[in-house]
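One file, run24.tsv, carrying TSV, C-alpha atoms:
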```tsv
chain	number	residue	atom	x	y	z
A	728	MET	CA	-5.13	-17.36	-5.16
A	729	THR	CA	-8.18	-19.56	-5.42
A	730	ALA	CA	-11.57	-18.69	-4.00
A	731	ARG	CA	-11.17	-21.44	-1.41
A	732	GLU	CA	-7.86	-20.04	-0.20
A	733	LEU	CA	-9.28	-16.52	-0.12
A	734	TRP	CA	-12.22	-17.70	1.97
A	735	ARG	CA	-9.86	-19.60	4.30
A	736	ARG	CA	-7.76	-16.47	4.84
A	737	ILE	CA	-10.81	-14.32	5.56
A	738	VAL	CA	-12.10	-16.84	8.11
A	739	ALA	CA	-8.61	-17.02	9.65
A	740	MET	CA	-8.56	-13.24	10.06
A	741	VAL	CA	-11.82	-13.42	12.00
A	742	ARG	CA	-10.60	-16.31	14.14
A	743	ARG	CA	-7.09	-14.91	14.67
A	744	ASP	CA	-7.07	-15.16	18.50
A	745	SER	CA	-8.26	-18.77	18.61
A	746	LEU	CA	-5.77	-19.74	15.89
A	747	GLU	CA	-2.95	-18.10	17.88
A	748	ARG	CA	-3.89	-20.06	21.02
A	749	GLU	CA	-4.23	-23.28	19.05
A	750	LEU	CA	-0.84	-22.73	17.39
A	751	SER	CA	0.85	-22.10	20.76
A	752	ARG	CA	-0.69	-25.25	22.25
A	753	GLU	CA	0.26	-27.31	19.20
A	754	MET	CA	3.85	-26.05	19.20
A	755	GLN	CA	4.15	-26.75	22.94
A	756	ALA	CA	2.72	-30.26	22.50
A	757	HIS	CA	5.07	-30.93	19.58
A	758	ALA	CA	8.07	-29.80	21.64
A	759	GLU	CA	7.01	-32.01	24.58
A	760	LEU	CA	6.51	-35.07	22.37
A	761	LEU	CA	9.87	-34.51	20.70
A	762	ALA	CA	11.49	-34.01	24.12
A	763	ARG	CA	9.98	-37.29	25.35
A	764	ASP	CA	11.39	-39.11	22.32
A	765	ILE	CA	14.79	-37.50	22.78
A	766	ALA	CA	14.79	-38.35	26.50
A	767	ILE	CA	14.05	-42.00	25.72
A	768	GLU	CA	16.61	-42.24	22.87
A	769	GLN	CA	19.47	-40.36	24.52
A	770	GLU	CA	18.56	-41.08	28.16
A	771	LEU	CA	18.49	-37.40	29.14
A	772	ASP	CA	16.64	-35.73	31.96
A	773	PRO	CA	13.33	-34.05	30.90
A	774	GLU	CA	14.66	-30.45	31.05
A	775	ALA	CA	17.71	-31.21	28.90
A	776	ALA	CA	15.54	-33.17	26.47
A	777	LEU	CA	13.10	-30.23	26.21
A	778	ALA	CA	15.96	-27.81	25.53
A	779	SER	CA	17.32	-30.15	22.87
A	780	ALA	CA	13.85	-30.47	21.30
A	781	ARG	CA	13.45	-26.68	21.16
A	782	ARG	CA	16.85	-26.36	19.47
A	783	GLN	CA	15.84	-29.01	16.96
A	784	ILE	CA	12.49	-27.30	16.22
A	785	GLY	CA	14.13	-23.95	15.62
A	786	ASN	CA	13.03	-20.37	16.15
A	787	ALA	CA	9.47	-20.52	17.49
A	788	THR	CA	8.83	-16.81	16.85
A	789	LYS	CA	9.79	-17.17	13.19
A	790	LEU	CA	7.50	-20.18	12.82
A	791	ARG	CA	4.61	-18.24	14.38
A	792	GLU	CA	5.20	-15.32	12.00
A	793	GLU	CA	5.22	-17.66	9.00
A	794	ALA	CA	1.93	-19.16	10.18
A	795	ARG	CA	0.41	-15.66	10.56
A	796	ASP	CA	1.50	-14.78	7.03
A	797	TYR	CA	-0.16	-17.94	5.76
A	798	TRP	CA	-3.38	-17.14	7.63
A	799	GLY	CA	-3.87	-13.58	6.50
A	800	PHE	CA	-2.92	-10.95	3.95
A	801	PRO	CA	0.62	-9.78	4.85
A	802	GLY	CA	0.65	-6.91	2.33
A	803	LEU	CA	-2.62	-5.45	3.56
A	804	GLU	CA	-1.60	-5.95	7.17
A	805	ALA	CA	1.66	-4.06	6.55
A	806	ILE	CA	-0.25	-1.17	4.96
A	807	ALA	CA	-2.70	-1.11	7.87
A	808	GLN	CA	0.18	-1.08	10.34
A	809	ASP	CA	1.82	1.83	8.49
A	810	LEU	CA	-1.46	3.76	8.48
A	811	ARG	CA	-1.93	3.21	12.23
A	812	TYR	CA	1.62	4.45	12.83
A	813	ALA	CA	0.99	7.56	10.69
A	814	VAL	CA	-2.28	8.36	12.47
A	815	ARG	CA	-0.61	8.00	15.89
A	816	GLY	CA	2.11	10.43	14.76
A	817	LEU	CA	-0.44	12.93	13.46
A	818	VAL	CA	-2.48	12.74	16.68
A	819	ARG	CA	0.65	13.47	18.74
A	820	ALA	CA	1.43	16.64	16.76
A	821	PRO	CA	-1.81	18.58	16.15
A	822	ALA	CA	-0.10	21.74	14.79
A	823	PHE	CA	1.78	19.70	12.22
A	824	THR	CA	-1.43	17.83	11.37
A	825	ALA	CA	-3.29	21.10	10.78
A	826	THR	CA	-0.44	22.37	8.58
A	827	VAL	CA	-0.47	19.16	6.55
A	828	ILE	CA	-4.25	19.27	6.09
A	829	VAL	CA	-4.24	22.93	5.02
A	830	THR	CA	-1.33	22.37	2.63
A	831	LEU	CA	-2.97	19.34	1.05
A	832	GLY	CA	-6.29	21.18	0.78
A	833	LEU	CA	-4.72	24.16	-0.96
A	834	GLY	CA	-2.70	21.95	-3.28
A	835	ILE	CA	-5.67	19.82	-4.26
A	836	GLY	CA	-7.89	22.88	-4.68
A	837	ALA	CA	-5.35	24.69	-6.88
A	838	ASN	CA	-4.84	21.55	-8.95
A	839	ALA	CA	-8.58	21.12	-9.45
A	840	ALA	CA	-9.01	24.79	-10.42
A	841	MET	CA	-6.16	24.65	-12.96
A	842	PHE	CA	-7.52	21.45	-14.44
A	843	ALA	CA	-10.97	23.02	-14.79
A	844	VAL	CA	-9.48	26.01	-16.66
A	845	ILE	CA	-7.28	23.87	-18.92
A	846	ASP	CA	-10.13	21.45	-19.56
A	847	ARG	CA	-12.46	24.27	-20.58
A	848	LEU	CA	-9.94	26.06	-22.79
A	849	MET	CA	-7.98	23.22	-24.36
A	850	PHE	CA	-10.09	20.08	-24.39
A	851	ARG	CA	-13.63	21.34	-25.03
A	852	PRO	CA	-14.61	23.38	-28.06
A	853	LEU	CA	-15.25	27.06	-27.59
A	854	PRO	CA	-18.91	28.14	-27.72
A	855	TYR	CA	-18.59	29.85	-31.11
A	856	GLN	CA	-16.94	26.77	-32.64
A	857	GLN	CA	-19.95	24.51	-32.43
A	858	GLU	CA	-20.15	24.46	-36.24
A	859	PRO	CA	-16.65	24.32	-37.73
A	860	ALA	CA	-17.87	25.14	-41.26
A	861	THR	CA	-18.81	28.66	-40.18
A	862	VAL	CA	-15.43	29.47	-38.66
A	863	GLY	CA	-13.13	31.53	-40.77
A	864	ARG	CA	-9.44	32.25	-40.48
A	865	VAL	CA	-7.83	35.64	-40.27
A	866	TYR	CA	-4.27	36.10	-41.50
A	867	LEU	CA	-2.19	39.07	-40.49
A	868	GLN	CA	0.69	40.23	-42.55
A	869	ARG	CA	3.09	42.81	-41.29
A	870	SER	CA	5.30	44.82	-43.54
A	871	ASP	CA	8.32	46.35	-41.96
A	872	LEU	CA	8.88	49.87	-43.33
A	873	ARG	CA	12.30	50.29	-41.75
A	874	ARG	CA	13.58	47.28	-43.58
A	875	ARG	CA	12.65	48.80	-46.96
A	876	PHE	CA	14.39	52.07	-46.23
A	877	THR	CA	17.56	50.51	-44.88
A	878	SER	CA	18.00	48.19	-47.86
A	879	SER	CA	17.69	51.00	-50.44
A	880	THR	CA	20.37	53.27	-48.98
```
File written out as structure tokens:
Amino acid sequence: MTARELWRRIVAMVRRDSLERELSREMQAHAELLARDIAIEQELDPEAALASARRQIGNATKLREEARDYWGFPGLEAIAQDLRYAVRGLVRAPAFTATVIVTLGLGIGANAAMFAVIDRLMFRPLPYQQEPATVGRVYLQRSDLRRRFTSST
């Protein structure tokens, strides 16, 4: 998408109502002109010619929707519509909304606490390991006395 097209879509979003009215007037004018031509060519009455012109033009609702998609950002508009629907549903059910908010809060809080612990223990050096040359290793060796006695008998 070029900068010019992006700017055109932003302006179209601001002028949406006037573009809708202009599109309706233009589609009506196109249908009337086509009906006039059909009436002259086929010698039909104006109402039959208008019906024939509308059939020839096709589905007006579909054409309007295609024009709206060209004017704006259909993906963002779909997301905004979904968010509005979700908010309306949450407003209608306040108990469910409170449950969802508390559940999300507890989940996010527990996740943040666990990450803080894991981050401190696993990803950052311990305070006494600031100088690795001074750290020593301790090895434990265990001798099993029962094993010695059972093998000798």
Q: Check the smallest atom-to-atom distance from each of A:Ala739, A:Leu810, A:Ile765, A:Ala843 to Ala794 of chain A using all atoms listed in the file, then report the winner.
A: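 Among the listed residues, A:Ala739 lies closest to Ala794 of chain A.
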Q | Pick from A:Leu750, A:Ala766, A:Ala758, A:Phe800, whichever lies nearest to Trp734 of chain A using all atoms listed in the file | A | A:Phe800
Q: Kindly give the distance, in Å, that separates atom CA of Gly802 of chain A and atom CA of Glu747 of chain A, rounded to a single decimal.
A: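 Separation between atom CA of Gly802 of chain A and atom CA of Glu747 of chain A: 19.5 Å.
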Q: Measure the distance from atom CA of Leu760 of chain A to atom CA of Ala780 of chain A in Å and round it to one decimal.
A: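 Computing the Euclidean distance for atom CA of Leu760 of chain A and atom CA of Ala780 of chain A yields 8.7 Å.
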Q: Grab the atom CA of Gly799 of chain A to atom CA of Arg743 of chain A distance for me, in Å with one decimal place.
A: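 Taking atom CA of Gly799 of chain A and atom CA of Arg743 of chain A, their separation equals 8.9 Å.
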Q. Around (5.1, -18.3, 14.9) in the file's frame, which residues reach within 12 Å when counting only C-alpha atoms? Return as a list in words?
A.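 Residues with an atom close enough to that point: Leu746, Glu747, Arg748, Glu749, Leu750, Ser751, Arg752, Glu753, Met754, Gln755, Ile784, Gly785, Asn786, Ala787, Thr788, Lys789, Leu790, Arg791, Glu792, Glu793, Ala794, Arg795, Asp796, Tyr797 and Trp798 of chain A.
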**Q.** Using only C-alpha atoms: which of A:Ile845, A:Leu777, A:Ala825, A:Val738 has the shortest distance to His757 of chain A
**A.**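 Among A:Ile845, A:Leu777, A:Ala825, A:Val738, it is A:Leu777 that comes nearest to His757 of chain A.
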